[in-house]
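Below is one structure, written out as structure tokens; comments come after it.
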Amino acid sequence: MTALGRVAAPPEHESNTATFYFWVDREQAVERTQIVRTCSRVGNRDVKFVGVVQEVYRRSRQRDIGEESARFDSRASENPPFASEGVTYAEVAILRTEPPAYCPPLEESEVFLGSPEDAQLGYGVDPNRPDRWLPVGRLRNGGEQFAGTAAIDTDFLLGKNGGHLNANGIAGLGTKSTLLLSVNWLLLREAARQKKAAPSGSGNLQVVSVIFNVKNFDLFHIDRWNRDYRAKEAEHRADWAAIGVDDPRPFEGVTFRAPQQKDNTNPVPTGGRYTGVTAYSWSLADVIERRLFQYLFAEADLGTANLGGLVTEVEEFLTGGPPDSPKLRTADDAPQTFQALLDWFKKMKDDKSFFGDFAPGTKGSFLRRLKFILRKSEGVLRKDESRGKPLDIPESGQASPLVIDLNGVRAASLQRFVVAAVFQQISDTQERKQVPNLKYLITLDELNRFAPKGSSDAITSLIETVAAEGRSQGVILLGAQQQASLVSTRVIENAAVRAVGRSGALELGADVWKFLGKSARDAAAQLQPDEKLLYQPSFREPMLAKIPFPPFALSEGDVAADPVPATRRTQNEQTDW
């Protein structure tokens, strides 16, 4: 191969163990994000250095801008008799050395454009362990070329050495949902592949994919073809083929759940999705049995010890049965519905024999909050019914995802309650009966709404606990937000894999982005919609990946003109992919 140039280490551009510079051959072109390699004889051994170009510079031989102008006599139309001399040079961040060596390359070492094998070495991808790496895109190697695949180490994603994936990006330009849904699709596909290869294999990956829909009813169409994918199908299929997927298509057999309407048993209208949607709701008995009562009350209310204590005591009063199997108390004096609870508490709040440790003002605050919850709950909380239709999360691997709508829940506090109900149920299930290799993938956008920075309410604490400890129980959070600086620090910092789409410059200046170098932060502010910077603990620098365009629709407006859903098949047949 023709060398791109040679390593140089003049004053102010010295090489070190993290960075080196090289000047570029006049006949060659070097671009930011390219993978490069060089080899130097260091001591008594040859060391191979693999790095990524951080920036490319051009410098003339003139001492200042005045000399540049003087060559043309300050007239742009002039043509000086002698051409200007200059040099192009590049700054390279070292990704890895082989063998491991904590030293810089030597000056005058030839620098070459890296190959896919060099990229694998640089990012620590073990070619002998393809089962450990999940390809999610194509690794950029300059503006138009690629150096193989951009892959995520599933040991960091699924809990062995870390867990969780967090994506950040501007609305519409960050395409966070595209990445997170693609990861769901790819993991479901991998689980199906393992099951097909070894139907009774005890070590097979099992996946339960739970996807929250937070905006409009956009994700209620992921089982339909994307019209923009169809318009350029050959191009998009090539990108998928490059990461080892020859049959990209929409999700199949998706289960859709939406809030129950106030006065009947039907789900709320869900945009263009008219069939295949089941309603969900909770009665008072459902809430007590699933230990969800505390999640009905917002941070502002539970921020005081008095009100928080009263909520706990009311829950204890309403709860009967053994600790590991709570039931709604059935004594004659115990209310059996939410409306009965409201009426009962209204009547008993002035009775000093009930909850006598709490002042009348605290009881009044509880009553007002309960009224507000029931008024805003629409049909999510069944006021006069003894039973609702609570969400039930599968306890074994599934071939298809479960999409739960939050958009139809008008009150933000009730949206948070629904999220908490799912997190709590999954955590209880895994604590009670943890299945080896079963992974719950919980996809949740707008994390700043559900686990805001600085909050200490019960719902935020629950999500923080999942972020900090859930990986050991197989609970993996695939979270996203527009501004990570507004999300609980524990949630962000416990995401072992980070994906950065196009993000605002002010956001990238926040402390939460200190793990990215200046070059990466500058790049994140200019990324194209199909590009992501991928980072995990084993990377010295993030990968710049092109994410394949999704075959599934991401909104009603994305649905192809011939909106034929993906082929309907039985659960066993779907595992064949």
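We name chains A, B, ... following the order of the structure tokens; residues begin at 1 in each chain, and ligands are numbered from 1 as shown.
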| field | Residues flagged helix (DSSP H, G or I) by DSSP in range 140-240 of chain A, as a PyMOL selection string | value | chain A and resi 154-157+176-197+218-221+227-231+233-240
| Closest to Ala90 in chain A among A:Ala119, A:Val30, A:Leu462, A:Leu516, using only C-alpha atoms? |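 Looking only at the distances to Ala90 in chain A, the closest residue turns out to be A:Val30.
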| message | So the first atom is CA of Ser15 in chain A and the second is CA of Val36 in chain A; what is the distance between them in Å, to one decimal place? | response |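 CA of Val36 in chain A lies 15.2 Å from CA of Ser15 in chain A.
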| Between CA of Asn16 in chain A and CA of Pro104 in chain A, distance in Å (one decimal) | 4.8 Å
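Nearest to Ala480 in chain A of all the residues A:Ala523, A:Val92, A:Val87, A:Ala171 is A:Ala171, based on only C-alpha atoms.
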| request: May I have the residues within 9 Å of range 250-263 of chain A as JSON, numbers by chain, using only C-alpha atoms and disregarding those fewer than 3 positions away in the same chain? | output: {"A": [185, 220, 222, 223, 224, 225, 226, 266, 267, 268, 269, 270, 276, 277, 278, 279, 280, 281, 377, 378, 379, 380, 381, 382, 389, 391, 399, 400, 401, 402, 403, 404, 405, 406, 407, 408, 409, 550, 551, 552, 553, 565, 566, 567, 568, 569, 570, 571, 574]}
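Taking only C-alpha atoms into account, Leu486 in chain A lies nearest to A:Ser455 out of the set A:Ser455, A:Gln528, A:Gln28, A:Ser109.
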| query | Out of A:Ser386, A:Ser488, A:Asn213, A:Ser461, which residue has the shortest atom-to-atom distance to Gln294 in chain A when counting only C-alpha atoms? | reply | A:Ser461
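Ranking A:Arg58, A:Arg237, A:Lys176, A:Arg45 by their shortest atom-to-atom distance to Arg26 in chain A, with only C-alpha atoms included, puts A:Arg58 first.
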| said: So that I can see what lies close to Asn161 in chain A, please list as a PyMOL selection string the residues with an atom at most 10 Å from it, counting only C-alpha atoms and leaving out residues fewer than 4 positions away in the same chain. | reply: chain A and resi 153-157+471-472+496+537
Filtering to N, CA, C and O atoms, could you give me those residues as a PDB file, in the first residue's frame?
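What landed in part.pdb:
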```
ATOM      1  N   ASP A 153     -19.882  -4.383  22.379  1.00  0.00           N
ATOM      2  CA  ASP A 153     -19.514  -5.564  23.149  1.00  0.00           C
ATOM      3  C   ASP A 153     -20.693  -5.921  24.062  1.00  0.00           C
ATOM      4  O   ASP A 153     -21.044  -5.164  24.964  1.00  0.00           O
ATOM      5  N   THR A 154     -21.315  -7.083  23.834  1.00  0.00           N
ATOM      6  CA  THR A 154     -22.482  -7.449  24.627  1.00  0.00           C
ATOM      7  C   THR A 154     -22.133  -7.732  26.083  1.00  0.00           C
ATOM      8  O   THR A 154     -23.024  -7.726  26.942  1.00  0.00           O
ATOM      9  N   ASP A 155     -20.856  -7.972  26.382  1.00  0.00           N
ATOM     10  CA  ASP A 155     -20.465  -8.093  27.786  1.00  0.00           C
ATOM     11  C   ASP A 155     -20.712  -6.783  28.527  1.00  0.00           C
ATOM     12  O   ASP A 155     -21.054  -6.790  29.715  1.00  0.00           O
ATOM     13  N   PHE A 156     -20.529  -5.663  27.835  1.00  0.00           N
ATOM     14  CA  PHE A 156     -20.803  -4.357  28.445  1.00  0.00           C
ATOM     15  C   PHE A 156     -22.278  -3.985  28.344  1.00  0.00           C
ATOM     16  O   PHE A 156     -22.802  -3.272  29.201  1.00  0.00           O
ATOM     17  N   LEU A 157     -22.946  -4.466  27.314  1.00  0.00           N
ATOM     18  CA  LEU A 157     -24.342  -4.103  27.113  1.00  0.00           C
ATOM     19  C   LEU A 157     -25.296  -4.909  27.979  1.00  0.00           C
ATOM     20  O   LEU A 157     -26.235  -4.356  28.564  1.00  0.00           O
ATOM     21  N   ARG A 471     -28.429  -4.820  36.082  1.00  0.00           N
ATOM     22  CA  ARG A 471     -27.702  -5.698  35.156  1.00  0.00           C
ATOM     23  C   ARG A 471     -27.452  -7.063  35.772  1.00  0.00           C
ATOM     24  O   ARG A 471     -27.428  -8.078  35.074  1.00  0.00           O
ATOM     25  N   SER A 472     -27.245  -7.110  37.095  1.00  0.00           N
ATOM     26  CA  SER A 472     -26.999  -8.391  37.749  1.00  0.00           C
ATOM     27  C   SER A 472     -28.244  -9.259  37.766  1.00  0.00           C
ATOM     28  O   SER A 472     -28.155 -10.473  37.968  1.00  0.00           O
ATOM     29  N   ALA A 496     -23.046   1.555  30.569  1.00  0.00           N
ATOM     30  CA  ALA A 496     -21.702   1.188  30.112  1.00  0.00           C
ATOM     31  C   ALA A 496     -21.484   1.546  28.656  1.00  0.00           C
ATOM     32  O   ALA A 496     -20.363   1.835  28.234  1.00  0.00           O
ATOM     33  N   PRO A 537     -16.416   1.290  27.787  1.00  0.00           N
ATOM     34  CA  PRO A 537     -15.196   1.429  28.603  1.00  0.00           C
ATOM     35  C   PRO A 537     -13.918   0.916  27.964  1.00  0.00           C
ATOM     36  O   PRO A 537     -12.828   1.373  28.313  1.00  0.00           O
TER      37      PRO A 537
END
```
Just want the 12 Å neighbourhood of Asn204 in chain A, counted on only C-alpha atoms, with same-chain residues fewer than 4 positions away dropped. Output as a PDB file with all heavy atoms, in the first residue's frame.
```pdb
ATOM      1  N   ASP A 131     -19.746 -14.035  18.628  1.00  0.00           N
ATOM      2  CA  ASP A 131     -20.965 -14.090  19.430  1.00  0.00           C
ATOM      3  C   ASP A 131     -21.004 -13.002  20.495  1.00  0.00           C
ATOM      4  O   ASP A 131     -22.067 -12.664  21.017  1.00  0.00           O
ATOM      5  CB  ASP A 131     -21.068 -15.460  20.109  1.00  0.00           C
ATOM      6  CG  ASP A 131     -19.853 -15.761  20.991  1.00  0.00           C
ATOM      7  OD1 ASP A 131     -18.716 -15.616  20.488  1.00  0.00           O
ATOM      8  OD2 ASP A 131     -20.044 -16.134  22.154  1.00  0.00           O
ATOM      9  N   LEU A 187     -31.068  -7.855  18.798  1.00  0.00           N
ATOM     10  CA  LEU A 187     -30.971  -8.795  19.910  1.00  0.00           C
ATOM     11  C   LEU A 187     -32.069  -9.850  19.834  1.00  0.00           C
ATOM     12  O   LEU A 187     -31.847 -11.021  20.164  1.00  0.00           O
ATOM     13  CB  LEU A 187     -31.024  -8.040  21.237  1.00  0.00           C
ATOM     14  CG  LEU A 187     -29.758  -7.244  21.582  1.00  0.00           C
ATOM     15  CD1 LEU A 187     -29.981  -6.386  22.815  1.00  0.00           C
ATOM     16  CD2 LEU A 187     -28.563  -8.182  21.801  1.00  0.00           C
ATOM     17  N   LEU A 188     -33.270  -9.449  19.422  1.00  0.00           N
ATOM     18  CA  LEU A 188     -34.322 -10.440  19.200  1.00  0.00           C
ATOM     19  C   LEU A 188     -33.909 -11.429  18.112  1.00  0.00           C
ATOM     20  O   LEU A 188     -34.141 -12.641  18.222  1.00  0.00           O
ATOM     21  CB  LEU A 188     -35.628  -9.743  18.811  1.00  0.00           C
ATOM     22  CG  LEU A 188     -36.373  -9.019  19.934  1.00  0.00           C
ATOM     23  CD1 LEU A 188     -37.438  -8.096  19.352  1.00  0.00           C
ATOM     24  CD2 LEU A 188     -37.008 -10.025  20.889  1.00  0.00           C
ATOM     25  N   GLU A 190     -30.817 -12.220  17.286  1.00  0.00           N
ATOM     26  CA  GLU A 190     -29.744 -13.070  17.793  1.00  0.00           C
ATOM     27  C   GLU A 190     -30.295 -14.161  18.711  1.00  0.00           C
ATOM     28  O   GLU A 190     -29.847 -15.314  18.659  1.00  0.00           O
ATOM     29  CB  GLU A 190     -28.715 -12.225  18.540  1.00  0.00           C
ATOM     30  CG  GLU A 190     -27.598 -13.003  19.224  1.00  0.00           C
ATOM     31  CD  GLU A 190     -26.777 -13.856  18.274  1.00  0.00           C
ATOM     32  OE1 GLU A 190     -26.777 -13.601  17.055  1.00  0.00           O
ATOM     33  OE2 GLU A 190     -26.105 -14.788  18.764  1.00  0.00           O
ATOM     34  N   ALA A 191     -31.278 -13.814  19.537  1.00  0.00           N
ATOM     35  CA  ALA A 191     -31.889 -14.821  20.403  1.00  0.00           C
ATOM     36  C   ALA A 191     -32.560 -15.907  19.571  1.00  0.00           C
ATOM     37  O   ALA A 191     -32.470 -17.103  19.888  1.00  0.00           O
ATOM     38  CB  ALA A 191     -32.898 -14.160  21.345  1.00  0.00           C
ATOM     39  N   ALA A 192     -33.235 -15.490  18.498  1.00  0.00           N
ATOM     40  CA  ALA A 192     -33.885 -16.461  17.613  1.00  0.00           C
ATOM     41  C   ALA A 192     -32.856 -17.338  16.906  1.00  0.00           C
ATOM     42  O   ALA A 192     -33.063 -18.550  16.735  1.00  0.00           O
ATOM     43  CB  ALA A 192     -34.741 -15.722  16.589  1.00  0.00           C
ATOM     44  N   ARG A 193     -31.739 -16.744  16.510  1.00  0.00           N
ATOM     45  CA  ARG A 193     -30.688 -17.528  15.839  1.00  0.00           C
ATOM     46  C   ARG A 193     -30.128 -18.600  16.771  1.00  0.00           C
ATOM     47  O   ARG A 193     -29.935 -19.755  16.371  1.00  0.00           O
ATOM     48  CB  ARG A 193     -29.558 -16.600  15.393  1.00  0.00           C
ATOM     49  CG  ARG A 193     -28.460 -17.290  14.585  1.00  0.00           C
ATOM     50  CD  ARG A 193     -27.204 -16.450  14.504  1.00  0.00           C
ATOM     51  NE  ARG A 193     -26.567 -16.302  15.809  1.00  0.00           N
ATOM     52  CZ  ARG A 193     -25.816 -17.231  16.385  1.00  0.00           C
ATOM     53  NH1 ARG A 193     -25.613 -18.417  15.791  1.00  0.00           N
ATOM     54  NH2 ARG A 193     -25.261 -17.018  17.566  1.00  0.00           N
ATOM     55  N   GLN A 194     -29.881 -18.210  18.029  1.00  0.00           N
ATOM     56  CA  GLN A 194     -29.342 -19.183  18.978  1.00  0.00           C
ATOM     57  C   GLN A 194     -30.340 -20.301  19.256  1.00  0.00           C
ATOM     58  O   GLN A 194     -29.961 -21.468  19.373  1.00  0.00           O
ATOM     59  CB  GLN A 194     -28.960 -18.469  20.283  1.00  0.00           C
ATOM     60  CG  GLN A 194     -27.790 -17.526  20.150  1.00  0.00           C
ATOM     61  CD  GLN A 194     -27.367 -16.922  21.481  1.00  0.00           C
ATOM     62  OE1 GLN A 194     -27.702 -17.440  22.542  1.00  0.00           O
ATOM     63  NE2 GLN A 194     -26.646 -15.804  21.432  1.00  0.00           N
ATOM     64  N   LYS A 195     -31.616 -19.957  19.352  1.00  0.00           N
ATOM     65  CA  LYS A 195     -32.634 -20.978  19.598  1.00  0.00           C
ATOM     66  C   LYS A 195     -32.738 -21.946  18.425  1.00  0.00           C
ATOM     67  O   LYS A 195     -32.914 -23.150  18.603  1.00  0.00           O
ATOM     68  CB  LYS A 195     -33.978 -20.319  19.863  1.00  0.00           C
ATOM     69  CG  LYS A 195     -35.082 -21.302  20.205  1.00  0.00           C
ATOM     70  CD  LYS A 195     -36.373 -20.598  20.558  1.00  0.00           C
ATOM     71  CE  LYS A 195     -37.456 -21.611  20.921  1.00  0.00           C
ATOM     72  NZ  LYS A 195     -38.738 -20.953  21.283  1.00  0.00           N
ATOM     73  N   LYS A 196     -32.627 -21.421  17.217  1.00  0.00           N
ATOM     74  CA  LYS A 196     -32.699 -22.279  16.041  1.00  0.00           C
ATOM     75  C   LYS A 196     -31.496 -23.203  15.972  1.00  0.00           C
ATOM     76  O   LYS A 196     -31.617 -24.388  15.618  1.00  0.00           O
ATOM     77  CB  LYS A 196     -32.772 -21.424  14.780  1.00  0.00           C
ATOM     78  CG  LYS A 196     -32.933 -22.228  13.500  1.00  0.00           C
ATOM     79  CD  LYS A 196     -33.057 -21.320  12.290  1.00  0.00           C
ATOM     80  CE  LYS A 196     -33.229 -22.123  11.009  1.00  0.00           C
ATOM     81  NZ  LYS A 196     -33.336 -21.237   9.815  1.00  0.00           N
ATOM     82  N   ALA A 197     -30.317 -22.675  16.331  1.00  0.00           N
ATOM     83  CA  ALA A 197     -29.103 -23.486  16.278  1.00  0.00           C
ATOM     84  C   ALA A 197     -29.089 -24.565  17.354  1.00  0.00           C
ATOM     85  O   ALA A 197     -28.576 -25.667  17.132  1.00  0.00           O
ATOM     86  CB  ALA A 197     -27.878 -22.585  16.417  1.00  0.00           C
ATOM     87  N   ALA A 198     -29.633 -24.250  18.518  1.00  0.00           N
ATOM     88  CA  ALA A 198     -29.657 -25.214  19.627  1.00  0.00           C
ATOM     89  C   ALA A 198     -30.981 -25.067  20.366  1.00  0.00           C
ATOM     90  O   ALA A 198     -31.062 -24.348  21.360  1.00  0.00           O
ATOM     91  CB  ALA A 198     -28.481 -24.972  20.571  1.00  0.00           C
ATOM     92  N   PRO A 199     -32.051 -25.710  19.890  1.00  0.00           N
ATOM     93  CA  PRO A 199     -33.396 -25.513  20.457  1.00  0.00           C
ATOM     94  C   PRO A 199     -33.492 -25.724  21.951  1.00  0.00           C
ATOM     95  O   PRO A 199     -34.293 -25.077  22.620  1.00  0.00           O
ATOM     96  CB  PRO A 199     -34.243 -26.544  19.688  1.00  0.00           C
ATOM     97  CG  PRO A 199     -33.513 -26.742  18.401  1.00  0.00           C
ATOM     98  CD  PRO A 199     -32.062 -26.637  18.743  1.00  0.00           C
ATOM     99  N   SER A 200     -32.682 -26.601  22.501  1.00  0.00           N
ATOM    100  CA  SER A 200     -32.743 -26.852  23.941  1.00  0.00           C
ATOM    101  C   SER A 200     -31.505 -26.357  24.666  1.00  0.00           C
ATOM    102  O   SER A 200     -31.233 -26.758  25.795  1.00  0.00           O
ATOM    103  CB  SER A 200     -32.920 -28.360  24.201  1.00  0.00           C
ATOM    104  OG  SER A 200     -31.835 -29.095  23.634  1.00  0.00           O
ATOM    105  N   GLY A 397     -38.417 -15.634  27.652  1.00  0.00           N
ATOM    106  CA  GLY A 397     -38.062 -14.965  26.413  1.00  0.00           C
ATOM    107  C   GLY A 397     -39.176 -14.966  25.386  1.00  0.00           C
ATOM    108  O   GLY A 397     -39.938 -15.931  25.279  1.00  0.00           O
ATOM    109  N   VAL A 435     -34.159 -16.196  35.709  1.00  0.00           N
ATOM    110  CA  VAL A 435     -33.888 -17.197  34.675  1.00  0.00           C
ATOM    111  C   VAL A 435     -32.524 -16.905  34.054  1.00  0.00           C
ATOM    112  O   VAL A 435     -32.279 -15.787  33.594  1.00  0.00           O
ATOM    113  CB  VAL A 435     -34.982 -17.166  33.587  1.00  0.00           C
ATOM    114  CG1 VAL A 435     -34.668 -18.178  32.488  1.00  0.00           C
ATOM    115  CG2 VAL A 435     -36.352 -17.432  34.203  1.00  0.00           C
ATOM    116  N   PRO A 436     -31.627 -17.866  34.019  1.00  0.00           N
ATOM    117  CA  PRO A 436     -30.309 -17.629  33.412  1.00  0.00           C
ATOM    118  C   PRO A 436     -30.434 -17.170  31.958  1.00  0.00           C
ATOM    119  O   PRO A 436     -31.250 -17.711  31.200  1.00  0.00           O
ATOM    120  CB  PRO A 436     -29.627 -18.997  33.506  1.00  0.00           C
ATOM    121  CG  PRO A 436     -30.338 -19.700  34.621  1.00  0.00           C
ATOM    122  CD  PRO A 436     -31.754 -19.229  34.563  1.00  0.00           C
ATOM    123  N   ASN A 437     -29.637 -16.168  31.607  1.00  0.00           N
ATOM    124  CA  ASN A 437     -29.560 -15.647  30.230  1.00  0.00           C
ATOM    125  C   ASN A 437     -30.835 -14.962  29.753  1.00  0.00           C
ATOM    126  O   ASN A 437     -30.955 -14.661  28.562  1.00  0.00           O
ATOM    127  CB  ASN A 437     -29.182 -16.765  29.245  1.00  0.00           C
ATOM    128  CG  ASN A 437     -27.859 -17.410  29.583  1.00  0.00           C
ATOM    129  OD1 ASN A 437     -26.886 -16.710  29.814  1.00  0.00           O
ATOM    130  ND2 ASN A 437     -27.827 -18.725  29.640  1.00  0.00           N
ATOM    131  N   LEU A 438     -31.798 -14.702  30.659  1.00  0.00           N
ATOM    132  CA  LEU A 438     -32.987 -13.942  30.292  1.00  0.00           C
ATOM    133  C   LEU A 438     -32.705 -12.458  30.509  1.00  0.00           C
ATOM    134  O   LEU A 438     -32.337 -12.050  31.611  1.00  0.00           O
ATOM    135  CB  LEU A 438     -34.188 -14.368  31.138  1.00  0.00           C
ATOM    136  CG  LEU A 438     -35.478 -13.547  30.953  1.00  0.00           C
ATOM    137  CD1 LEU A 438     -35.975 -13.628  29.522  1.00  0.00           C
ATOM    138  CD2 LEU A 438     -36.550 -14.009  31.930  1.00  0.00           C
ATOM    139  N   LYS A 439     -32.861 -11.665  29.452  1.00  0.00           N
ATOM    140  CA  LYS A 439     -32.590 -10.233  29.522  1.00  0.00           C
ATOM    141  C   LYS A 439     -33.865  -9.446  29.231  1.00  0.00           C
ATOM    142  O   LYS A 439     -34.495  -9.639  28.189  1.00  0.00           O
ATOM    143  CB  LYS A 439     -31.505  -9.846  28.506  1.00  0.00           C
ATOM    144  CG  LYS A 439     -30.219 -10.665  28.615  1.00  0.00           C
ATOM    145  CD  LYS A 439     -29.533 -10.499  29.970  1.00  0.00           C
ATOM    146  CE  LYS A 439     -28.257 -11.333  30.040  1.00  0.00           C
ATOM    147  NZ  LYS A 439     -27.612 -11.236  31.373  1.00  0.00           N
TER     148      LYS A 439
END
```
| request: Just the residues within 12 Å of Glu313 in chain A, please, counting only C-alpha atoms, with nothing from its chain fewer than 2 positions along; format it as a VMD selection string. | output: chain A and resid 293 to 294 306 to 311 315 to 319 354 to 358 363 366
| message | Taking 2 positions as the minimum chain separation for residues in the same chain, which residues sit within 6 Å of Ile243 in chain A when counting only C-alpha atoms? Answer as a ChimeraX atom specification. | response | /A:135,149,240-241,245
May I have the selected residues written with all heavy atoms, as an mmCIF file, in the first residue's frame?
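Below is the file that was written, again19.cif:
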```cif
data_model
loop_
_atom_site.group_PDB
_atom_site.id
_atom_site.type_symbol
_atom_site.label_atom_id
_atom_site.label_comp_id
_atom_site.auth_asym_id
_atom_site.auth_seq_id
_atom_site.Cartn_x
_atom_site.Cartn_y
_atom_site.Cartn_z
ATOM 1 N N PRO A 135 -22.941 -6.200 15.896
ATOM 2 C CA PRO A 135 -22.759 -5.143 14.896
ATOM 3 C C PRO A 135 -24.023 -4.283 14.800
ATOM 4 O O PRO A 135 -25.122 -4.803 14.629
ATOM 5 C CB PRO A 135 -22.518 -5.913 13.594
ATOM 6 C CG PRO A 135 -22.158 -7.301 14.017
ATOM 7 C CD PRO A 135 -22.903 -7.537 15.282
ATOM 8 N N THR A 149 -17.341 -3.133 10.391
ATOM 9 C CA THR A 149 -18.543 -2.856 11.160
ATOM 10 C C THR A 149 -18.222 -2.139 12.471
ATOM 11 O O THR A 149 -17.139 -2.290 13.032
ATOM 12 C CB THR A 149 -19.291 -4.159 11.490
ATOM 13 O OG1 THR A 149 -18.426 -5.021 12.240
ATOM 14 C CG2 THR A 149 -19.732 -4.867 10.229
ATOM 15 N N TRP A 240 -27.390 -2.852 5.601
ATOM 16 C CA TRP A 240 -27.702 -3.936 6.520
ATOM 17 C C TRP A 240 -26.847 -5.171 6.199
ATOM 18 O O TRP A 240 -26.346 -5.841 7.122
ATOM 19 C CB TRP A 240 -29.188 -4.301 6.434
ATOM 20 C CG TRP A 240 -30.085 -3.344 7.155
ATOM 21 C CD1 TRP A 240 -30.809 -2.333 6.615
ATOM 22 C CD2 TRP A 240 -30.337 -3.305 8.566
ATOM 23 N NE1 TRP A 240 -31.511 -1.658 7.593
ATOM 24 C CE2 TRP A 240 -31.241 -2.237 8.797
ATOM 25 C CE3 TRP A 240 -29.903 -4.074 9.638
ATOM 26 C CZ2 TRP A 240 -31.709 -1.930 10.075
ATOM 27 C CZ3 TRP A 240 -30.370 -3.764 10.917
ATOM 28 C CH2 TRP A 240 -31.252 -2.703 11.117
ATOM 29 N N ALA A 241 -26.666 -5.475 4.927
ATOM 30 C CA ALA A 241 -25.863 -6.630 4.544
ATOM 31 C C ALA A 241 -24.425 -6.482 5.038
ATOM 32 O O ALA A 241 -23.771 -7.467 5.402
ATOM 33 C CB ALA A 241 -25.891 -6.822 3.030
ATOM 34 N N VAL A 245 -26.721 -8.635 8.093
ATOM 35 C CA VAL A 245 -28.168 -8.858 8.092
ATOM 36 C C VAL A 245 -28.644 -8.857 6.646
ATOM 37 O O VAL A 245 -28.651 -7.809 5.992
ATOM 38 C CB VAL A 245 -28.905 -7.773 8.900
ATOM 39 C CG1 VAL A 245 -30.416 -7.998 8.837
ATOM 40 C CG2 VAL A 245 -28.426 -7.776 10.349
#
```
